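Asks: Pasting structure-v3.txt below, which is compact mmCIF, C-alpha atoms.
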# COMPACT_ATOMS: atom_id res chain seq x y z
CA MET T 300 196.69 119.41 112.62
CA VAL T 301 195.56 115.96 113.73
CA ILE T 302 192.23 116.41 111.96
CA LEU T 303 194.08 117.46 108.81
CA LEU T 304 196.23 114.32 109.03
CA MET T 305 193.09 112.22 109.45
CA VAL T 306 191.55 113.81 106.37
CA VAL T 307 194.75 113.07 104.41
CA VAL T 308 194.76 109.43 105.57
CA PHE T 309 191.09 108.90 104.77
CA ALA T 310 191.51 110.54 101.37
CA TYR T 311 194.58 108.43 100.66
CA ALA T 312 192.88 105.21 101.77
CA GLY T 313 189.86 106.06 99.65
CA TRP T 314 192.06 106.79 96.66
CA ARG T 315 193.91 103.49 97.15
CA LEU T 316 190.59 101.65 97.34
CA ILE T 317 189.14 103.08 94.15
CA THR T 318 192.22 103.14 91.92
CA PRO T 319 193.77 100.03 90.38
CA ALA T 320 197.11 99.01 91.88
CA SER T 321 198.89 99.55 88.61
CA PRO T 322 197.29 102.24 86.50
CA SER T 323 200.19 102.07 84.04
CA PHE T 324 198.84 98.79 82.66
CA SER T 325 195.45 100.21 81.73
CA ASN T 326 196.71 101.66 78.46
CA THR T 327 197.43 98.97 75.85
CA SER T 328 200.49 100.47 74.15
CA SER T 329 202.18 101.61 77.36
CA ALA T 330 201.29 98.24 78.91
CA PHE T 331 203.12 96.44 76.11
CA SER T 332 206.17 98.60 76.60
CA LEU T 333 206.08 98.11 80.39
CA VAL T 334 205.77 94.35 80.09
CA SER T 335 208.77 94.35 77.75
CA SER T 336 210.72 96.44 80.26
CA LEU T 337 209.80 94.13 83.15
CA LEU T 338 211.05 91.12 81.20
CA ALA T 339 214.09 92.87 79.72
CA GLY T 340 217.71 92.23 80.64
CA SER T 341 218.76 89.25 82.64
CA PRO T 342 217.48 89.76 86.18
CA PRO T 343 217.95 86.95 88.72
CA THR T 344 215.38 84.31 87.81
CA LEU T 345 214.29 81.17 89.58
CA GLY T 346 212.55 78.40 87.66
CA SER T 347 212.17 77.08 84.15
CA ALA T 348 212.61 79.46 81.22
CA LYS T 349 209.64 77.66 79.62
CA ALA T 350 207.23 78.56 82.43
CA LEU T 351 204.13 80.29 81.05
CA VAL T 352 203.88 82.89 83.78
CA THR T 353 206.61 85.24 84.99
CA ILE T 354 206.31 86.63 88.51
CA VAL T 355 208.36 89.82 88.80
CA GLU T 356 208.87 90.77 92.45
CA PHE T 357 209.88 94.30 93.42
CA GLY T 358 211.28 94.24 96.94
CA ASP T 359 213.68 95.72 99.45
CA TYR T 360 215.79 93.43 101.64
CA GLN T 361 215.12 95.70 104.62
CA CYS T 362 211.35 95.91 104.11
CA PRO T 363 209.58 94.05 106.96
CA THR T 364 206.60 93.10 104.76
CA CYS T 365 208.97 91.61 102.17
CA GLY T 366 210.68 89.66 104.96
CA GLY T 367 207.33 88.50 106.30
CA TRP T 368 206.20 87.37 102.86
CA TYR T 369 209.50 85.55 102.32
CA LYS T 370 209.20 83.73 105.66
CA THR T 371 205.56 82.71 105.33
CA GLN T 372 204.71 82.50 101.61
CA GLU T 373 207.70 82.37 99.27
CA ALA T 374 208.53 78.72 99.90
CA SER T 375 204.93 77.66 99.11
CA VAL T 376 204.84 79.81 95.97
CA ILE T 377 208.13 78.27 94.81
CA GLN T 378 206.96 74.77 95.64
CA ASN T 379 203.52 75.05 94.02
CA LEU T 380 204.26 77.31 91.07
CA VAL T 381 207.99 77.51 90.30
CA ASP T 382 209.12 73.94 91.01
CA VAL T 383 206.24 72.49 88.97
CA GLY T 384 207.08 74.70 85.98
CA LYS T 385 203.95 76.87 86.03
CA ALA T 386 205.81 80.10 86.80
CA LYS T 387 209.25 81.57 87.17
CA LEU T 388 210.21 84.10 89.83
CA VAL T 389 212.20 87.21 88.94
CA TRP T 390 213.74 89.56 91.52
CA ARG T 391 214.04 93.30 90.97
CA ASP T 392 215.31 95.67 93.67
CA PHE T 393 213.15 98.54 94.86
CA ASP T 394 215.43 99.97 97.55
CA TYR T 395 214.00 102.79 99.63
CA PHE T 396 214.67 101.89 103.27
CA GLY T 397 218.13 103.46 103.21
CA PRO T 398 221.75 102.93 102.18
CA ASP T 399 221.87 99.44 103.76
CA SER T 400 219.16 98.31 101.33
CA VAL T 401 221.39 99.32 98.42
CA SER T 402 224.39 97.58 100.03
CA ALA T 403 222.30 94.40 100.43
CA SER T 404 221.36 94.53 96.74
CA GLN T 405 224.99 95.07 95.73
CA ALA T 406 226.08 92.13 97.88
CA ALA T 407 223.39 89.87 96.39
CA TYR T 408 224.57 90.76 92.88
CA ALA T 409 228.18 90.14 93.91
CA ALA T 410 227.09 86.70 95.15
CA ARG T 411 225.34 86.17 91.81
CA GLU T 412 228.70 86.42 90.05
CA GLN T 413 229.53 83.17 91.86
CA GLY T 414 226.15 81.57 91.16
CA LYS T 415 224.76 82.12 94.66
CA PHE T 416 222.24 84.94 94.21
CA TRP T 417 219.22 83.07 95.56
CA GLN T 418 221.19 81.60 98.46
CA PHE T 419 222.30 85.12 99.40
CA HIS T 420 218.75 86.43 98.91
CA ASP T 421 217.49 83.72 101.31
CA LEU T 422 220.21 84.47 103.85
CA LEU T 423 219.33 88.18 103.83
CA PHE T 424 215.64 87.59 104.50
CA GLN T 425 216.35 84.90 107.08
CA ASN T 426 218.55 87.34 109.00
CA GLN T 427 216.36 90.40 108.53
CA GLN T 428 215.99 92.70 111.53
CA SER T 429 214.65 96.23 111.98
CA PRO T 430 215.49 98.50 109.04
CA ASN T 431 218.75 100.46 109.36
CA SER T 432 219.70 98.69 112.60
CA GLY T 433 223.00 97.62 111.05
CA TRP T 434 222.07 94.02 110.25
CA ALA T 435 222.54 94.78 106.52
CA GLY T 436 225.64 96.90 107.03
CA ARG T 437 228.64 96.18 104.83
CA GLN T 438 230.50 94.23 107.55
CA ASN T 439 227.56 91.88 108.09
CA LEU T 440 227.09 91.42 104.35
CA VAL T 441 230.71 90.29 104.06
CA ARG T 442 230.03 87.88 106.93
CA PHE T 443 227.02 86.45 105.06
CA ALA T 444 229.23 85.93 101.99
CA GLU T 445 231.77 84.05 104.12
CA GLN T 446 228.93 81.96 105.53
CA LEU T 447 228.01 80.91 101.98
CA GLY T 448 231.59 79.93 101.27
CA LEU T 449 232.10 82.47 98.49
CA ASN T 450 235.51 83.36 97.14
CA MET T 451 236.02 86.43 99.32
CA THR T 452 238.65 88.14 97.17
CA ARG T 453 236.29 88.06 94.24
CA PHE T 454 233.25 88.92 96.34
CA ASN T 455 234.91 91.98 97.93
CA ARG T 456 236.15 93.20 94.56
CA ASP T 457 232.66 92.92 93.00
CA PHE T 458 230.84 94.21 96.09
CA ASN T 459 232.98 97.35 96.32
CA SER T 460 233.18 98.03 92.59
CA GLY T 461 229.94 100.02 92.29
CA LYS T 462 229.20 98.20 89.04
CA TYR T 463 225.67 97.26 90.14
CA ASP T 464 224.56 100.80 90.96
CA ALA T 465 223.14 101.46 87.48
CA LEU T 466 221.15 98.22 87.56
CA ILE T 467 219.78 98.97 91.05
CA ASN T 468 218.77 102.48 89.99
CA SER T 469 217.16 101.31 86.77
CA ASN T 470 215.19 98.66 88.69
CA HIS T 471 213.87 101.40 91.00
CA SER T 472 212.94 103.61 88.03
CA LEU T 473 211.22 100.67 86.36
CA GLY T 474 209.23 100.02 89.55
CA VAL T 475 208.10 103.64 89.74
CA GLN T 476 207.15 103.52 86.05
CA ALA T 477 205.18 100.29 86.60
CA GLY T 478 203.25 101.88 89.48
CA VAL T 479 204.93 100.27 92.48
CA SER T 480 203.70 102.11 95.57
CA GLU T 481 204.60 99.57 98.23
CA THR T 482 206.83 96.55 98.66
CA PRO T 483 206.61 93.74 97.90
CA THR T 484 204.74 94.28 94.64
CA PHE T 485 204.45 91.42 92.19
CA PHE T 486 203.65 91.65 88.49
CA LEU T 487 202.41 88.34 87.13
CA ILE T 488 202.84 88.31 83.37
CA GLY T 489 200.90 85.70 81.43
CA PRO T 490 201.71 84.05 78.09
CA ASN T 491 199.62 86.61 76.18
CA GLY T 492 201.19 89.59 77.93
CA LYS T 493 198.29 90.05 80.32
CA VAL T 494 199.39 91.35 83.70
CA ILE T 495 197.95 90.83 87.17
CA THR T 496 199.40 93.00 89.91
CA ILE T 497 199.60 91.74 93.48
CA ALA T 498 200.49 94.59 95.82
CA GLY T 499 201.58 93.77 99.36
CA GLY T 500 202.46 90.55 101.13
CA GLN T 501 199.46 88.53 100.00
CA SER T 502 198.88 84.85 100.57
CA GLU T 503 199.98 82.00 98.33
CA THR T 504 196.36 81.25 97.36
CA VAL T 505 196.13 84.64 95.62
CA PHE T 506 199.18 83.71 93.53
CA LEU T 507 197.70 80.30 92.65
CA GLN T 508 194.43 81.92 91.64
CA ALA T 509 196.15 84.63 89.58
CA VAL T 510 198.41 82.14 87.76
CA ALA T 511 195.39 79.94 87.00
CA GLN T 512 193.55 82.96 85.61
CA LEU T 513 196.51 83.96 83.41
CA THR T 514 197.07 80.48 82.04
CA ASN T 515 193.38 79.65 81.49
CA GLY T 516 192.27 82.95 80.09
CA MET G 293 173.35 105.74 138.04
CA VAL G 294 173.11 104.92 134.34
CA SER G 295 176.31 104.60 132.37
CA PRO G 296 176.44 107.22 129.55
CA ILE G 297 177.97 104.54 127.32
CA LEU G 298 175.13 102.07 127.85
CA ASP G 299 172.64 104.90 127.55
CA THR G 300 174.06 105.92 124.17
CA PHE G 301 173.70 102.45 122.69
CA ARG G 302 170.04 102.24 123.68
CA ASP G 303 169.29 104.81 121.01
CA ALA G 304 168.95 103.40 117.47
CA LYS G 305 170.44 106.45 115.74
CA TYR G 306 173.62 106.23 117.83
CA VAL G 307 173.81 102.51 117.07
CA MET G 308 173.68 103.40 113.37
CA LEU G 309 176.39 106.01 113.85
CA ALA G 310 178.51 103.45 115.72
CA ILE G 311 178.10 100.87 112.95
CA SER G 312 179.17 103.45 110.34
CA ILE G 313 182.32 104.35 112.31
CA LEU G 314 183.08 100.69 113.04
CA VAL G 315 182.81 99.62 109.41
CA GLY G 316 184.46 102.72 107.90
CA TYR G 317 187.40 102.98 110.26
CA GLY G 318 187.80 99.21 110.60
CA LEU G 319 187.97 98.68 106.84
CA MET G 320 190.46 101.53 106.45
CA LEU G 321 192.72 100.21 109.19
CA LEU G 322 192.61 96.61 107.97
CA PHE G 323 193.38 97.80 104.45
CA LEU G 324 196.29 100.03 105.47
CA ASP G 325 197.72 97.28 107.67
CA GLN G 326 197.52 94.81 104.78
CA PHE G 327 195.03 92.39 106.28
CA LEU G 328 192.41 93.21 103.70
CA PHE G 329 193.11 93.32 99.97
CA PHE G 330 190.77 94.46 97.23
CA THR G 331 193.03 93.61 94.26
CA PRO G 332 193.50 91.37 92.36
CA PHE G 333 190.90 89.51 94.41
CA PHE G 334 189.03 90.43 97.57
CA THR G 335 191.06 88.68 100.27
CA PHE G 336 191.36 88.76 104.05
CA TYR G 337 194.72 87.39 105.11
CA VAL G 338 196.47 87.42 108.47
CA PRO G 339 200.09 86.23 108.53
CA THR G 340 200.92 84.43 111.78
CA SER G 341 203.49 87.11 112.58
CA ALA G 342 200.84 89.84 112.42
CA VAL G 343 198.21 88.47 114.81
CA VAL G 344 199.17 91.02 117.50
CA GLY G 345 198.73 93.83 114.97
CA LEU G 346 195.28 92.52 114.00
CA VAL G 347 194.16 92.26 117.65
CA LEU G 348 195.36 95.83 118.29
CA ASP G 349 193.54 97.05 115.18
CA LEU G 350 190.29 95.45 116.34
CA ILE G 351 190.64 96.88 119.86
CA LEU G 352 191.45 100.34 118.45
CA THR G 353 188.46 100.21 116.11
CA ALA G 354 186.07 99.15 118.88
CA LEU G 355 187.34 101.84 121.29
CA ILE G 356 187.29 104.59 118.66
CA THR G 357 183.70 103.64 117.81
CA ILE G 358 182.65 103.85 121.47
CA VAL G 359 184.50 107.09 122.22
CA LEU G 360 183.37 108.91 119.07
CA THR G 361 179.74 107.85 119.38
CA VAL G 362 179.41 108.63 123.09
CA SER G 363 181.29 111.92 122.67
CA ALA G 364 179.02 112.98 119.82
CA ARG G 365 175.98 112.32 122.01
CA GLN G 366 177.50 114.15 124.97
CA ILE G 367 178.18 117.20 122.81
CA LEU G 368 174.62 117.22 121.43
CA LEU G 369 173.19 116.88 124.92
CA GLN G 370 175.45 119.63 126.20
CA ARG G 371 174.33 121.92 123.42
CA ALA G 372 170.69 121.23 124.25
CA ALA G 373 171.23 121.75 127.96
CA GLY G 374 173.53 124.72 127.57
CA GLY G 375 175.65 123.24 130.33
CA ALA G 376 179.38 123.02 130.66
CA CYS G 377 180.60 119.64 129.44
CA LYS G 378 184.17 119.04 128.44
CA THR G 379 184.20 115.27 128.26
CA GLY G 380 182.45 115.14 124.88
CA ALA G 381 184.99 117.42 123.23
CA LEU G 382 187.88 115.70 125.02
CA GLY G 383 186.56 112.34 123.84
CA ILE G 384 186.47 113.55 120.25
CA ILE G 385 190.01 114.92 120.51
CA ALA G 386 191.27 111.66 122.08
CA ALA G 387 189.55 109.55 119.43
CA VAL G 388 190.85 111.65 116.56
CA ALA G 389 194.38 111.68 118.02
CA ALA G 390 194.33 107.91 118.46
CA ALA G 391 192.74 107.33 115.08
CA ALA G 392 195.51 109.37 113.47
CA CYS G 393 198.05 106.63 114.21
CA PRO G 394 197.71 105.05 110.74
CA CYS G 395 199.13 108.35 109.39
CA TYR G 396 202.60 106.95 109.77
CA TYR G 397 201.86 104.49 106.98
CA LEU G 398 201.20 107.29 104.56
CA ILE G 399 204.68 108.76 104.74
CA PRO G 400 206.73 105.67 103.85
CA LEU G 401 204.22 104.75 101.16
CA LEU G 402 204.63 108.16 99.58
CA ALA G 403 208.38 107.80 99.96
CA VAL G 404 208.19 104.53 98.06
CA ALA G 405 206.29 106.22 95.28
CA GLY G 406 209.18 108.64 95.02
CA THR G 407 207.15 111.72 95.86
CA VAL G 408 208.90 112.41 99.16
CA GLY G 409 212.01 111.06 100.76
CA GLY G 410 214.99 112.08 102.82
CA ALA G 411 214.15 113.08 106.38
CA VAL G 412 210.38 112.68 105.89
CA GLY G 413 210.79 109.18 104.53
CA ALA G 414 213.17 108.32 107.38
CA VAL G 415 210.61 109.48 109.98
CA GLY G 416 207.92 107.41 108.28
CA ILE G 417 210.12 104.33 108.24
CA LEU G 418 211.00 104.84 111.92
CA LEU G 419 207.32 105.16 112.83
CA ASN G 420 206.57 102.06 110.80
CA ILE G 421 209.05 100.08 112.92
CA PHE G 422 207.33 101.23 116.13
CA GLN G 423 203.78 100.65 114.95
CA VAL G 424 202.92 98.19 117.74
CA PRO G 425 204.04 100.50 120.63
CA ILE G 426 202.27 103.43 118.92
CA LYS G 427 199.07 101.42 118.69
CA VAL G 428 199.40 100.39 122.35
CA VAL G 429 199.71 104.08 123.34
CA ALA G 430 196.67 104.93 121.18
CA THR G 431 194.74 102.12 122.88
CA LEU G 432 195.68 103.46 126.34
CA ILE G 433 194.53 106.97 125.36
CA LEU G 434 191.21 105.54 124.23
CA ILE G 435 190.78 103.41 127.35
CA PHE G 436 191.34 106.55 129.44
CA ALA G 437 188.86 108.51 127.28
CA THR G 438 186.28 105.70 127.62
CA TYR G 439 186.74 105.71 131.40
CA LYS G 440 186.34 109.50 131.60
CA LEU G 441 183.24 109.39 129.42
CA ASP G 442 181.70 106.67 131.54
CA ARG G 443 182.48 108.59 134.72
CA SER G 444 181.45 112.03 133.46
CA GLY G 445 178.73 113.48 135.69
CA LEU G 446 178.59 116.85 134.03
CA CYS G 447 177.10 115.50 130.86
CA ARG G 448 174.34 113.46 132.42
CA ILE G 449 171.40 115.52 131.32
CA ARG G 450 167.88 114.79 132.46
CA PRO G 451 166.10 112.61 129.86
CA ILE G 452 163.48 115.29 129.31
CA ARG G 453 166.11 117.55 127.77
CA GLU G 454 167.45 114.84 125.48
CA VAL G 455 167.38 115.85 121.84
CA SER G 456 167.44 114.15 118.49
CA PHE G 457 170.09 114.46 115.76
CA GLU G 458 167.74 116.07 113.29
CA THR G 459 166.21 118.93 115.25
CA GLY G 460 168.99 119.78 117.66
CA SER G 461 166.45 121.63 119.84
Represent the structure contained in this file as structure tokens.

Replies:
Amino acid sequence: MVILLMVVVFAYAGWRLITPASPSFSNTSSAFSLVSSLLAGSPPTLGSAKALVTIVEFGDYQCPTCGGWYKTQEASVIQNLVDVGKAKLVWRDFDYFGPDSVSASQAAYAAREQGKFWQFHDLLFQNQQSPNSGWAGRQNLVRFAEQLGLNMTRFNRDFNSGKYDALINSNHSLGVQAGVSETPTFFLIGPNGKVITIAGGQSETVFLQAVAQLTNG
Amino acid sequence: MVSPILDTFRDAKYVMLAISILVGYGLMLLFLDQFLFFTPFFTFYVPTSAVVGLVLDLILTALITIVLTVSARQILLQRAAGGACKTGALGIIAAVAAAACPCYYLIPLLAVAGTVGGAVGAVGILLNIFQVPIKVVATLILIFATYKLDRSGLCRIRPIREVSFETGS
């Protein structure tokens, strides 16, 4: 049994090593359609609309790697790429850690109705604990909203309405379609539609290098 | 009394075997634990919060290399001598059991991809949370296996009976 598991792990690791992170972008026509889908709608976006590169992040508020990337890299990426107008950052949910992940997404969207999506996003990652330990339970999410000074009548109405479920589900489907196999996964879309995929919590230097490649080439 | 571990690494072919295990398993573990990235650029990156994980990975890789290599030699020697030697087989079992610990990454990753989920995904996520204690247990198993291999008297065959990989006679 153990040997079988080892064989599976080695085979999987080998497959991950030899296959591109996002095979969906290898075909030109499907790539065009995927890029359009990634940029479609009005997802929460940070930065200038004129920025040449769009960084689409697929993440889960309960995912420890997403939390780690937020705590160690996101601020530098924002400072060196978003604040200077080179790139804009887009958030798309890819909830798979459990029902609390979905609740966290719903709460973030409810905060967005009052213009505080990114503040709520920051608060979630700053308070992240072990997945499904209750830190992202509905009671705590309401507490986070109070902490941000949101209008609680409006927040509770939006949070409990279920109106974000379709968006959260379509973001997940889009991620699967784009080849997301771990979180966080970032799709960096250049001015000519070229895409560079960064899978995992990689360092800020990789983002700088990728953005430079997209804008120069 | 010569240590079977030191004795093993005096032989060039076992050193080669050890290097293969070290590189192969080490690369796999570093890749699965997201210290090593091959796309979009080849990068080695250790977040400050993951230093403990990296140290455990390196210890695990070194111990697995020692245990597997010495065990392989013990088994070959045992076969040549026709004697009873359980430490080689036990070492292999311990190494494989300890090396299997990255399996818990596979399950949540597959869950993410949408191929599995529910209870299986939940178990994977739970194991992911406890990856450091699991690695510590795997390290303890390997330390015990290393100790047993080093202390094993049954497998100390007279040098005259020592055999090569190729002939096995």

Asks: Which residues are near G:Val315? Cut-off 9 Å, all atoms listed in the file, ignore same chain within fewer than 5 positions. Put them as a list in words.

Replies: Ala310, Met320 and Thr353 of chain G

Asks: Quick one: everything within 10 Å of G:Phe336, counting only C-alpha atoms, minus sequence neighbours fewer than 6 positions away in the same chain. Send it as number ranges by chain.

Replies: T: 501-502; G: 322-323, 326-330

Asks: Kindly indicate which residue among T:Gly448, T:Pro483, T:Gly461, T:Pro430 lies nearest to chain G, using all atoms listed in the file for the distances.

Replies: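 Comparing T:Gly448, T:Pro483, T:Gly461, T:Pro430 against chain G, the winner is T:Pro430.
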
Asks: Can you pull out every residue within 7 Å of stretch 425-427 of chain G, counting all atoms listed in the file, but drop anything in the same chain fewer than 3 positions away, and send it as a list in words?

Replies: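 Skipping anything fewer than 3 positions along the chain leaves Leu348, Cys393, Phe422, Ala430 and Thr431 of chain G.
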
Asks: Keeping only C-alpha atoms, write those residues as a compact mmCIF listing (two decimals), in the frame of the given file.

Replies:
# COMPACT_ATOMS: atom_id res chain seq x y z
CA LEU G 348 195.36 95.83 118.29
CA CYS G 393 198.05 106.63 114.21
CA PHE G 422 207.33 101.23 116.13
CA ALA G 430 196.67 104.93 121.18
CA THR G 431 194.74 102.12 122.88

Asks: Quick one: pull the distance between atom CA of T:Ser336 and atom CA of T:Leu473, Å, one decimal.

Replies: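 Atom-to-atom, atom CA of T:Ser336 and atom CA of T:Leu473 are spaced 7.4 Å apart.
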
Asks: Using all atoms listed in the file, can you tell me which of G:Leu432, G:Ile358, G:Ile313, G:Ile421 comes closest to chain T?

Replies: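 Of all the options, G:Ile421 lies closest to chain T.
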
Asks: Looking at T:Phe331, T:Tyr463, T:Tyr395, T:Phe454, which one is nearest to chain G, with distances taken over all atoms listed in the file?

Replies: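 Of T:Phe331, T:Tyr463, T:Tyr395, T:Phe454, the one nearest chain G is T:Tyr395, counting all atoms listed in the file.
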
Asks: What separation in Å, quoted to one decimal, exists between atom CA of G:Asp442 and atom CA of G:Ala364?

Replies: 13.6 Å
